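Source file: data.tsv; contents: TSV, C-alpha atoms.
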```tsv
chain	number	residue	atom	x	y	z
A	1319	MET	CA	82.49	73.32	101.72
A	1320	THR	CA	80.20	70.52	100.63
A	1321	GLN	CA	81.12	67.24	98.99
A	1322	SER	CA	79.26	68.32	95.88
A	1323	SER	CA	81.42	71.46	95.54
A	1324	LEU	CA	84.54	69.35	95.92
A	1325	ARG	CA	83.33	67.04	93.14
A	1326	THR	CA	82.60	70.03	90.93
A	1327	ALA	CA	86.13	71.33	91.43
A	1328	ALA	CA	87.60	67.91	90.72
A	1329	ASN	CA	85.78	67.67	87.38
A	1330	ILE	CA	86.80	71.14	86.17
A	1331	THR	CA	87.94	71.45	82.56
A	1332	PRO	CA	91.46	72.88	82.21
A	1333	SER	CA	90.55	76.50	81.54
A	1334	ILE	CA	90.90	79.48	83.84
A	1335	ARG	CA	87.80	80.01	85.97
A	1336	ALA	CA	85.74	77.61	83.83
A	1337	HIS	CA	83.65	77.21	86.98
A	1338	SER	CA	83.47	81.02	87.33
A	1339	THR	CA	81.39	82.25	90.22
A	1340	ASP	CA	80.01	84.84	87.79
A	1341	SER	CA	77.52	82.19	86.71
A	1342	THR	CA	76.21	81.58	90.23
A	1343	SER	CA	73.39	83.41	91.89
A	1344	SER	CA	75.09	84.30	95.17
A	1345	ALA	CA	74.41	87.67	96.71
A	1346	SER	CA	78.11	88.47	96.80
A	1347	ASN	CA	78.40	88.07	93.06
A	1348	THR	CA	75.39	90.29	92.50
A	1349	SER	CA	77.12	92.93	94.59
A	1350	ASN	CA	80.40	92.49	92.73
A	1351	THR	CA	78.69	92.85	89.38
A	1352	SER	CA	77.14	96.16	90.36
A	1353	ASN	CA	80.43	97.38	91.83
A	1354	ASN	CA	82.29	96.54	88.65
A	1355	ALA	CA	79.85	98.54	86.56
A	1356	SER	CA	81.59	101.77	87.57
A	1357	HIS	CA	84.89	100.43	86.24
A	1358	ALA	CA	83.92	99.50	82.69
A	1359	GLY	CA	86.81	97.88	80.85
A	1360	SER	CA	88.72	97.46	84.11
A	1361	SER	CA	89.53	94.47	86.30
A	1362	VAL	CA	88.88	96.57	89.41
A	1363	ASN	CA	86.29	95.30	91.88
A	1364	ALA	CA	85.08	97.99	94.30
A	1365	THR	CA	84.45	95.41	97.03
A	1366	GLU	CA	88.07	94.21	96.84
A	1367	VAL	CA	89.36	97.80	96.84
A	1368	SER	CA	87.32	98.59	99.96
A	1369	HIS	CA	88.57	95.44	101.70
A	1370	PHE	CA	92.25	96.21	101.06
A	1371	ASN	CA	91.80	99.87	101.97
A	1372	THR	CA	91.00	98.69	105.49
A	1373	LEU	CA	94.26	96.71	105.62
A	1374	ALA	CA	96.49	99.53	104.37
A	1375	SER	CA	97.62	100.91	107.73
A	1376	SER	CA	99.14	97.60	108.84
A	1377	TRP	CA	100.74	96.65	105.50
A	1378	TRP	CA	104.31	97.13	106.70
A	1379	ASP	CA	103.76	95.51	110.09
A	1380	PRO	CA	105.65	92.18	109.77
A	1381	HIS	CA	103.44	90.76	112.52
A	1382	GLY	CA	100.15	92.20	111.27
A	1383	SER	CA	97.56	91.15	108.72
A	1384	SER	CA	100.15	91.17	105.91
A	1385	ARG	CA	102.59	88.94	107.80
A	1386	LEU	CA	102.18	86.06	105.35
A	1387	LEU	CA	103.00	88.38	102.44
A	1388	HIS	CA	106.22	89.51	104.11
A	1389	LEU	CA	107.22	85.89	104.62
A	1390	MET	CA	106.21	84.95	101.06
A	1391	ASN	CA	108.44	87.67	99.62
A	1392	GLN	CA	111.48	85.64	100.66
A	1393	HIS	CA	110.59	83.10	97.97
A	1394	ARG	CA	109.71	85.48	95.14
A	1395	HIS	CA	113.20	86.46	94.07
A	1396	PRO	CA	114.63	82.92	94.22
A	1397	PHE	CA	111.78	81.73	91.98
A	1398	ILE	CA	112.35	84.61	89.55
A	1399	ASN	CA	116.06	83.77	89.44
A	1400	ARG	CA	115.19	80.14	88.76
A	1401	CYS	CA	113.09	81.21	85.78
A	1402	LEU	CA	115.76	83.60	84.53
A	1403	SER	CA	118.38	80.86	84.71
A	1404	THR	CA	116.58	78.94	81.95
A	1405	ALA	CA	117.21	81.72	79.40
A	1406	PRO	CA	120.29	83.66	78.24
A	1407	PRO	CA	121.60	86.13	80.84
A	1408	LEU	CA	121.42	89.91	80.56
A	1409	ALA	CA	123.89	91.48	78.18
A	1410	PRO	CA	126.70	93.35	79.98
A	1411	GLY	CA	125.61	96.76	81.17
A	1412	LEU	CA	121.88	96.11	80.86
A	1413	LYS	CA	119.42	96.13	83.73
A	1414	ARG	CA	115.84	94.92	84.08
A	1415	LYS	CA	112.60	96.88	84.10
A	1416	TYR	CA	109.88	95.52	86.40
A	1417	LEU	CA	106.13	96.01	86.36
A	1418	ASP	CA	104.48	94.92	89.61
A	1419	ILE	CA	100.71	94.62	89.22
A	1420	GLY	CA	98.58	94.73	92.36
A	1421	CYS	CA	101.63	95.94	94.25
A	1422	GLY	CA	99.80	96.62	97.51
A	1423	GLY	CA	102.00	98.47	99.99
A	1424	GLY	CA	105.13	97.74	97.99
A	1425	ILE	CA	106.69	94.74	99.70
A	1426	PHE	CA	107.92	93.17	96.46
A	1427	ALA	CA	108.29	96.43	94.54
A	1428	GLU	CA	110.73	97.83	97.09
A	1429	SER	CA	112.78	94.65	97.23
A	1430	ALA	CA	113.00	94.53	93.42
A	1431	ALA	CA	114.00	98.21	93.22
A	1432	ARG	CA	116.96	97.58	95.52
A	1433	LEU	CA	118.48	94.88	93.32
A	1434	PRO	CA	121.71	95.89	91.55
A	1435	THR	CA	120.36	94.35	88.32
A	1436	THR	CA	117.25	96.57	88.35
A	1437	HIS	CA	116.85	99.60	86.11
A	1438	SER	CA	113.38	100.59	87.33
A	1439	VAL	CA	110.21	99.33	88.97
A	1440	THR	CA	106.74	100.52	87.99
A	1441	ALA	CA	104.12	99.44	90.51
A	1442	VAL	CA	100.35	99.78	90.08
A	1443	ASP	CA	97.40	99.17	92.39
A	1444	PRO	CA	93.82	100.50	92.27
A	1445	THR	CA	93.55	100.82	96.07
A	1446	PRO	CA	94.24	104.44	97.08
A	1447	GLU	CA	95.04	103.92	100.77
A	1448	VAL	CA	97.44	101.11	99.99
A	1449	ILE	CA	99.33	103.20	97.41
A	1450	ALA	CA	99.51	106.06	99.94
A	1451	VAL	CA	101.12	103.65	102.42
A	1452	ALA	CA	103.55	102.42	99.74
A	1453	LYS	CA	104.64	105.97	98.91
A	1454	ARG	CA	105.13	106.87	102.58
A	1455	HIS	CA	107.27	103.81	103.16
A	1456	GLN	CA	109.28	104.52	100.00
A	1457	ARG	CA	110.32	107.86	101.49
A	1458	THR	CA	112.13	106.09	104.35
A	1459	ASP	CA	114.83	104.85	101.94
A	1460	PRO	CA	116.83	107.45	99.95
A	1461	LEU	CA	117.80	104.81	97.39
A	1462	LEU	CA	114.15	104.27	96.49
A	1463	MET	CA	113.68	108.01	96.02
A	1464	GLU	CA	116.19	108.18	93.17
A	1465	PRO	CA	114.34	109.46	90.07
A	1466	GLY	CA	112.85	106.61	88.07
A	1467	ARG	CA	113.92	103.82	90.39
A	1468	LEU	CA	110.49	103.11	91.91
A	1469	THR	CA	107.28	104.69	90.62
A	1470	TYR	CA	103.81	104.01	92.06
A	1471	HIS	CA	100.55	104.56	90.20
A	1472	ASN	CA	97.10	104.38	91.80
A	1473	ILE	CA	95.44	102.93	88.71
A	1474	PRO	CA	94.22	99.58	87.38
A	1475	ILE	CA	96.57	97.91	84.93
A	1476	GLU	CA	94.20	98.74	82.08
A	1477	ALA	CA	94.97	102.45	82.61
A	1478	LEU	CA	98.73	102.04	82.23
A	1479	PRO	CA	99.87	103.16	78.76
A	1480	LEU	CA	101.04	100.33	76.55
A	1481	PRO	CA	104.65	100.30	75.33
A	1482	LYS	CA	105.04	102.04	71.98
A	1483	THR	CA	107.28	99.26	70.67
A	1484	PRO	CA	107.85	95.67	71.86
A	1485	SER	CA	111.38	96.52	73.02
A	1486	GLU	CA	109.99	99.19	75.37
A	1487	GLY	CA	108.06	96.58	77.35
A	1488	PHE	CA	109.03	95.26	80.77
A	1489	ASP	CA	111.57	92.51	81.36
A	1490	ILE	CA	109.58	91.11	84.28
A	1491	VAL	CA	105.87	91.53	84.94
A	1492	SER	CA	104.84	90.28	88.39
A	1493	LEU	CA	101.40	89.38	89.71
A	1494	PHE	CA	101.69	88.11	93.26
A	1495	GLU	CA	98.60	87.04	95.22
A	1496	VAL	CA	96.32	88.95	92.84
A	1497	ILE	CA	94.75	86.64	90.26
A	1498	GLU	CA	92.55	84.91	92.85
A	1499	HIS	CA	90.86	88.29	93.41
A	1500	ILE	CA	90.03	88.78	89.71
A	1501	GLN	CA	86.61	87.62	88.53
A	1502	GLN	CA	87.49	87.34	84.83
A	1503	PRO	CA	91.13	86.23	84.83
A	1504	ALA	CA	91.59	85.19	81.19
A	1505	PRO	CA	91.11	88.64	79.57
A	1506	PHE	CA	92.92	90.24	82.51
A	1507	LEU	CA	95.96	88.01	81.96
A	1508	ARG	CA	95.94	88.64	78.24
A	1509	SER	CA	95.97	92.39	78.82
A	1510	ILE	CA	98.98	91.99	81.10
A	1511	LEU	CA	101.01	90.31	78.37
A	1512	GLN	CA	100.83	93.45	76.26
A	1513	HIS	CA	103.25	95.08	78.72
A	1514	LEU	CA	105.79	92.24	78.57
A	1515	LYS	CA	108.87	92.57	76.40
A	1516	PRO	CA	109.67	89.67	74.03
A	1517	GLY	CA	112.03	87.43	75.98
A	1518	GLY	CA	110.64	88.76	79.26
A	1519	TRP	CA	109.04	86.77	82.06
A	1520	PHE	CA	105.54	86.88	83.48
A	1521	ILE	CA	105.81	85.73	87.12
A	1522	GLY	CA	102.95	85.22	89.54
A	1523	SER	CA	101.64	83.34	92.53
A	1524	THR	CA	98.20	82.17	93.55
A	1525	ILE	CA	96.34	79.31	95.27
A	1526	ALA	CA	95.10	75.96	93.96
A	1527	ARG	CA	91.38	75.27	94.39
A	1528	THR	CA	91.40	72.14	96.56
A	1529	GLY	CA	89.91	70.85	99.76
A	1530	THR	CA	93.29	71.38	101.39
A	1531	SER	CA	93.43	75.03	100.39
A	1532	TRP	CA	89.90	75.64	101.63
A	1533	PHE	CA	90.83	74.16	105.01
A	1534	THR	CA	94.11	76.09	105.33
A	1535	THR	CA	93.25	79.48	103.80
A	1536	LYS	CA	89.57	79.82	104.61
A	1537	PHE	CA	88.86	77.77	107.73
A	1538	MET	CA	92.18	77.89	109.58
A	1539	ALA	CA	93.71	81.20	108.40
A	1540	GLU	CA	90.51	83.26	108.40
A	1541	GLU	CA	88.20	81.60	110.92
A	1542	VAL	CA	90.36	79.84	113.50
A	1543	LEU	CA	93.79	81.48	113.65
A	1544	ARG	CA	92.64	84.86	112.25
A	1545	MET	CA	95.98	85.21	110.46
A	1546	VAL	CA	94.23	87.17	107.70
A	1547	PRO	CA	90.94	89.10	107.92
A	1548	ARG	CA	87.74	87.17	107.23
A	1549	GLY	CA	86.65	87.50	103.61
A	1550	THR	CA	90.16	88.06	102.22
A	1551	HIS	CA	89.78	85.11	99.86
A	1552	ASP	CA	87.01	83.50	97.83
A	1553	TRP	CA	87.82	79.80	97.46
A	1554	ASN	CA	85.74	79.60	94.29
A	1555	GLN	CA	88.14	82.02	92.59
A	1556	TYR	CA	91.27	79.97	93.28
A	1557	ILE	CA	92.95	78.61	90.14
A	1558	GLN	CA	94.44	75.17	89.69
A	1559	PRO	CA	98.04	75.08	88.39
A	1560	TYR	CA	96.94	72.91	85.47
A	1561	GLU	CA	94.35	75.56	84.58
A	1562	MET	CA	97.04	78.23	84.58
A	1563	LYS	CA	99.31	76.05	82.46
A	1564	ALA	CA	96.48	75.27	80.04
A	1565	TRP	CA	95.90	79.00	79.59
A	1566	ALA	CA	99.62	79.63	79.04
A	1567	ASP	CA	99.87	76.75	76.54
A	1568	LYS	CA	97.11	78.35	74.45
A	1569	GLN	CA	98.97	81.66	74.14
A	1570	PRO	CA	101.02	81.54	70.92
A	1571	ASP	CA	103.63	83.95	72.26
A	1572	LEU	CA	104.41	82.14	75.55
A	1573	GLU	CA	106.86	79.34	76.38
A	1574	SER	CA	108.93	77.77	79.18
A	1575	TRP	CA	106.27	77.13	81.85
A	1576	GLN	CA	107.70	76.96	85.40
A	1577	VAL	CA	105.94	76.17	88.69
A	1578	MET	CA	106.91	75.89	92.36
A	1579	GLY	CA	104.70	74.90	95.29
A	1580	VAL	CA	105.11	76.36	98.77
A	1581	VAL	CA	103.59	75.34	102.09
A	1582	TYR	CA	103.19	77.47	105.19
A	1583	VAL	CA	104.72	75.85	108.27
A	1584	PRO	CA	103.68	77.57	111.53
A	1585	GLY	CA	106.71	78.90	113.34
A	1586	PHE	CA	108.95	78.58	110.28
A	1587	GLY	CA	107.19	80.40	107.45
A	1588	TRP	CA	106.80	79.35	103.84
A	1589	LYS	CA	108.76	76.35	102.62
A	1590	GLU	CA	109.20	75.06	99.09
A	1591	VAL	CA	107.76	71.55	98.83
A	1592	GLN	CA	108.14	69.75	95.54
A	1593	GLY	CA	104.77	68.72	94.14
A	1594	SER	CA	102.74	70.79	96.61
A	1595	GLU	CA	101.50	73.18	93.89
A	1596	GLY	CA	98.53	70.88	93.41
A	1597	TYR	CA	97.35	71.42	96.99
A	1598	GLY	CA	97.73	75.10	97.91
A	1599	ASN	CA	99.96	78.09	97.24
A	1600	TYR	CA	102.22	78.08	94.21
A	1601	PHE	CA	104.38	80.28	92.02
A	1602	PHE	CA	104.21	80.16	88.24
A	1603	GLY	CA	106.33	81.68	85.51
A	1604	VAL	CA	106.16	81.80	81.73
A	1605	ARG	CA	108.37	83.50	79.16
A	1606	LYS	CA	107.29	85.60	76.20
A	1607	LYS	CA	108.95	84.25	73.11
A	1608	PRO	CA	111.79	86.43	71.80
A	1609	LEU	CA	111.30	88.08	68.42
A	1610	ALA	CA	112.63	86.01	65.55
A	1611	GLU	CA	116.07	87.21	64.49
```

Render the structure in this file as structure tokens.
Amino acid sequence: MTQSSLRTAANITPSIRAHSTDSTSSASNTSNTSNNASHAGSSVNATEVSHFNTLASSWWDPHGSSRLLHLMNQHRHPFINRCLSTAPPLAPGLKRKYLDIGCGGGIFAESAARLPTTHSVTAVDPTPEVIAVAKRHQRTDPLLMEPGRLTYHNIPIEALPLPKTPSEGFDIVSLFEVIEHIQQPAPFLRSILQHLKPGGWFIGSTIARTGTSWFTTKFMAEEVLRMVPRGTHDWNQYIQPYEMKAWADKQPDLESWQVMGVVYVPGFGWKEVQGSEGYGNYFFGVRKKPLAE
């Protein structure tokens, strides 16, 4: 990464992917554009689907290429609970409906489906081999095979039917380690909100676009330590937390922005570090305003 690219990132205006790589002339973007043409109206990128298809077989290997995702899952539920604690609790007898977008092999979807406060989990991913792995792993747990508890769909989010009424939306919509793989995040995020129930939470995680994150996720993780396959991430598509917040602030139906930074410590896993969201991996959460009574 050159000094000029660092300066460009530092001077970014607070809007999601204002520096979008779509405007560059790189060969990879030319390829992505042609691949996307077969998915008109969809966020699916055929190159990304092909890449994650190759990782499918090792998804549930806690020491394999998805090891960092397994370790990250330990922080997802505590962050969700932190967000939920800022709003009124569930009414007695009610349970939550989850929508997990870009669910991969089901690491988070399974863990959410096992919670006693969960009514159901709907999980979508456009990668066929990964969904096949998720369904096979689901069959190892009788609880997850209960009708309606955990349902996988091999589709992009744009193909999921919208709720007929606001109250039929999901209580929690999750988007973990996905947005950095989307070339046009703003319309993609807006489409996601259509599935969120008023009063529900949109929860996600991604990576800040900094020199530190380039060094840790691209150079060290992909090139030196080979913790993840080369080409898993495109640093130019990382999103700063202030860009995410600026997007959320512009949505008239969102409120209660939350953020939490985490740092990977070799030998220990992911650790929450206050203020680290501006350097690398972070969680974010935002609530859809309840309907006026």

For A:Asn1399, the nearest of the candidates A:Trp1519, A:Phe1533, A:Trp1553, A:Tyr1582, counting all atoms listed in the file: A:Trp1519

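Checking A:Ala1452, A:Ile1497, A:Ala1504, A:Ile1419 one by one against A:Asp1552, counting all atoms listed in the file, you find the shortest gap at A:Ile1497.
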
Point-to-point distance in Å for atom CA of A:Phe1506 and atom CA of A:Ile1475: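 These two atoms are separated by 8.8 Å.
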
Exercise: stretch 1432-1446 of chain A partners within 7 Å, all atoms listed in the file, chain neighbours under 6 positions left out, as a ChimeraX atom specification: /A:1362,1367,1370-1371,1413-1422,1466-1475

Close residues, A:Phe1520 itself excluded, 8 Å, all atoms listed in the file, min 4 positions apart in chain, as a list in words: Ile1490, Val1491, Ser1492, Leu1493, Leu1511, Leu1514, Gly1603, Val1604, Arg1605 and Lys1606 of chain A

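The space between atom CA of A:Ala1430 and atom CA of A:Met1463 spans 13.7 Å.
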